[in-house]
Amino acid sequence: MNSVPETPPAPGESHTSRTASTPPAAELLAAATGTKAGEGPSRRLTPAPETLPAPSGTATGSETTIRVSDPVAPTARLLLAAGASEEAWREARAGGAGGSDVAAILGMDAYRGPLHVWLEKTGQASERHNARLERAARRGHRLEGLVAEFFAEDSGLTVIDSPGTLQHVDHPHWIANPDRLTVAPDDQARDELGVLECKSRTWRSARIEGWHGEQAPDRPAIQAHWYLTVTGYRCAYVAGLIDDDLTWFRLERDEELSALLADAVDRFWHNHVLAGVPPKPDGSQATAELLARLWDTREEATVEVDPVETMLLKQRRRELKEEIAYLGDQLTEAENQLRANAGEAEVATIGGRPAYTWRRNGQFAAARLRDAEPDLAAQYTHLVPAVDTERLAQEHPETYRKYRARVLRVPSEG
């Protein structure tokens, strides 16, 4: 296994791969605004700022011209300019690990796991569409500009578009696609560029992801820290538009965390992607769903498995199910005590402030209504479109089998 790579130094420190032509922040900002290096931007973004265009390969009115493969950050070069085709972007993304990939590799993504990333990077991922996730992705992409604008207004920082896909100068499989870059105003360190990660969430998803705490939520924070690892910048911001409210966090470069992320990515890339060896399945529900549809099964086909490993896995499974059952009973006991303490009240308070609720806002018991009040239930009963699975199974057995879920059943003995 390769040794742990040297963590990219912070801006201002020496780096063997940084050339003298690496544009500093002032020159990058000049390329974006059409001013000379050392001069301030032509407009201040207060109180209702607009984000500025990214430095590009055809910047005019500037002394800086940035081309693909030129260094654009202390430790990163431009791999693919912004505005490239979708096909080119996918090809560039397949050649390395980006911010969302790192979160999945570490098991911190609810929708993808390490196995998903491995299949994508090795070109084995099947084209399967999830309308809900695709719609959420389109929503997030379209709201990026609005989040960036609100962030600039709230923070007082200048926000510029990302130049495109960035690649670490020493580790080509480290890539970054930051949403935006930030520049401090004139009265601060104007030469300091930062990364801005823009997110939009509903209040429900924000609550699940942890947007209302003192620190940035784990998944977007990991993305931002990875971008700092790739670029060598010192700070990043994570901004989230939660319904109509903006919240944001500043993250400082953490050398120890960067080293851990670099090591995890290197081990995954060399031991799995380059070696062609799939990672072991993790415990996420996303991986369970992936495994259920990964192969086209052959009816009644058998496979010989390792007896020792299988015995140990079955034993571990049995122990965990027993533990889950025990903990489930303990959980129900604690919740029942809370219910008993609430009694007929819907809201339990401590010092006049709500502590918990026990309201009639759960799933409706339609079967109980039909049993207790059949005439009333009949008035509100209607037919709904449904697939006749029995007839489908008889007339199209192969199609019926294709869409049945795979169920893991493990005998209690043997």
# chains A, B, ... in the order shown; residues from 1 in each chain; ligands from 1
>>> select_by_dssp(residues="range 274-403 of chain A", states="helix (DSSP H, G or I)", output="number ranges by chain")
A: 285-294, 307-342, 366-372, 374-379, 389-395, 397-402
>>> residues_around(residues="range 273-278 of chain A", least_positions_apart="2", cutoff="7 Å", atoms="only C-alpha atoms", output="mmCIF file with C-alpha atoms, in the first residue's frame")
data_model
loop_
_atom_site.group_PDB
_atom_site.id
_atom_site.type_symbol
_atom_site.label_atom_id
_atom_site.label_comp_id
_atom_site.auth_asym_id
_atom_site.auth_seq_id
_atom_site.Cartn_x
_atom_site.Cartn_y
_atom_site.Cartn_z
ATOM 1 C CA LEU A 115 -19.609 0.496 -3.599
ATOM 2 C CA TRP A 118 -16.385 2.159 -7.096
ATOM 3 C CA LYS A 121 -15.290 5.158 -11.237
ATOM 4 C CA THR A 122 -14.780 1.786 -12.900
ATOM 5 C CA PHE A 268 -9.767 3.684 -1.843
ATOM 6 C CA TRP A 269 -8.343 4.766 -5.192
ATOM 7 C CA HIS A 270 -5.275 2.502 -5.211
ATOM 8 C CA ASN A 271 -6.696 -0.530 -3.387
ATOM 9 C CA LYS A 280 -16.701 -4.493 1.117
#
>>> residues_around(residues="range 376-392 of chain A", least_positions_apart="2", cutoff="12 Å", atoms="only C-alpha atoms", output="ChimeraX atom specification")
/A:365-374,394-404
>>> select_by_dssp(residues="range 163-231 of chain A", states="strand (DSSP E)", output="list in words")
Gly164, Thr165, Leu166, Gln167, His168, Ile175, Ala176, Arg180, Leu181, Thr182, Val183, Leu193, Gly194, Val195, Leu196, Glu197, Cys198, Lys199, Ser200 and Arg201 of chain A
>>> atom_distance(atom1="CA of Met108 in chain A", atom2="CA of Ala216 in chain A")
13.7 Å
>>> atom_distance(atom1="CA of Ala224 in chain A", atom2="CA of Leu193 in chain A")
13.5 Å
>>> closest_atom_pairs(of="range 115-165 of chain A", to="range 234-239 of chain A", cutoff="9 Å", atoms="only C-alpha atoms", output="Markdown table")
| residue | atom | partner | partner_atom | distance |
| --- | --- | --- | --- | --- |
| A:Val147 | CA | A:Ala239 | CA | 7.0 |
| A:Ala148 | CA | A:Ala239 | CA | 7.8 |
| A:Phe151 | CA | A:Ala239 | CA | 6.8 |
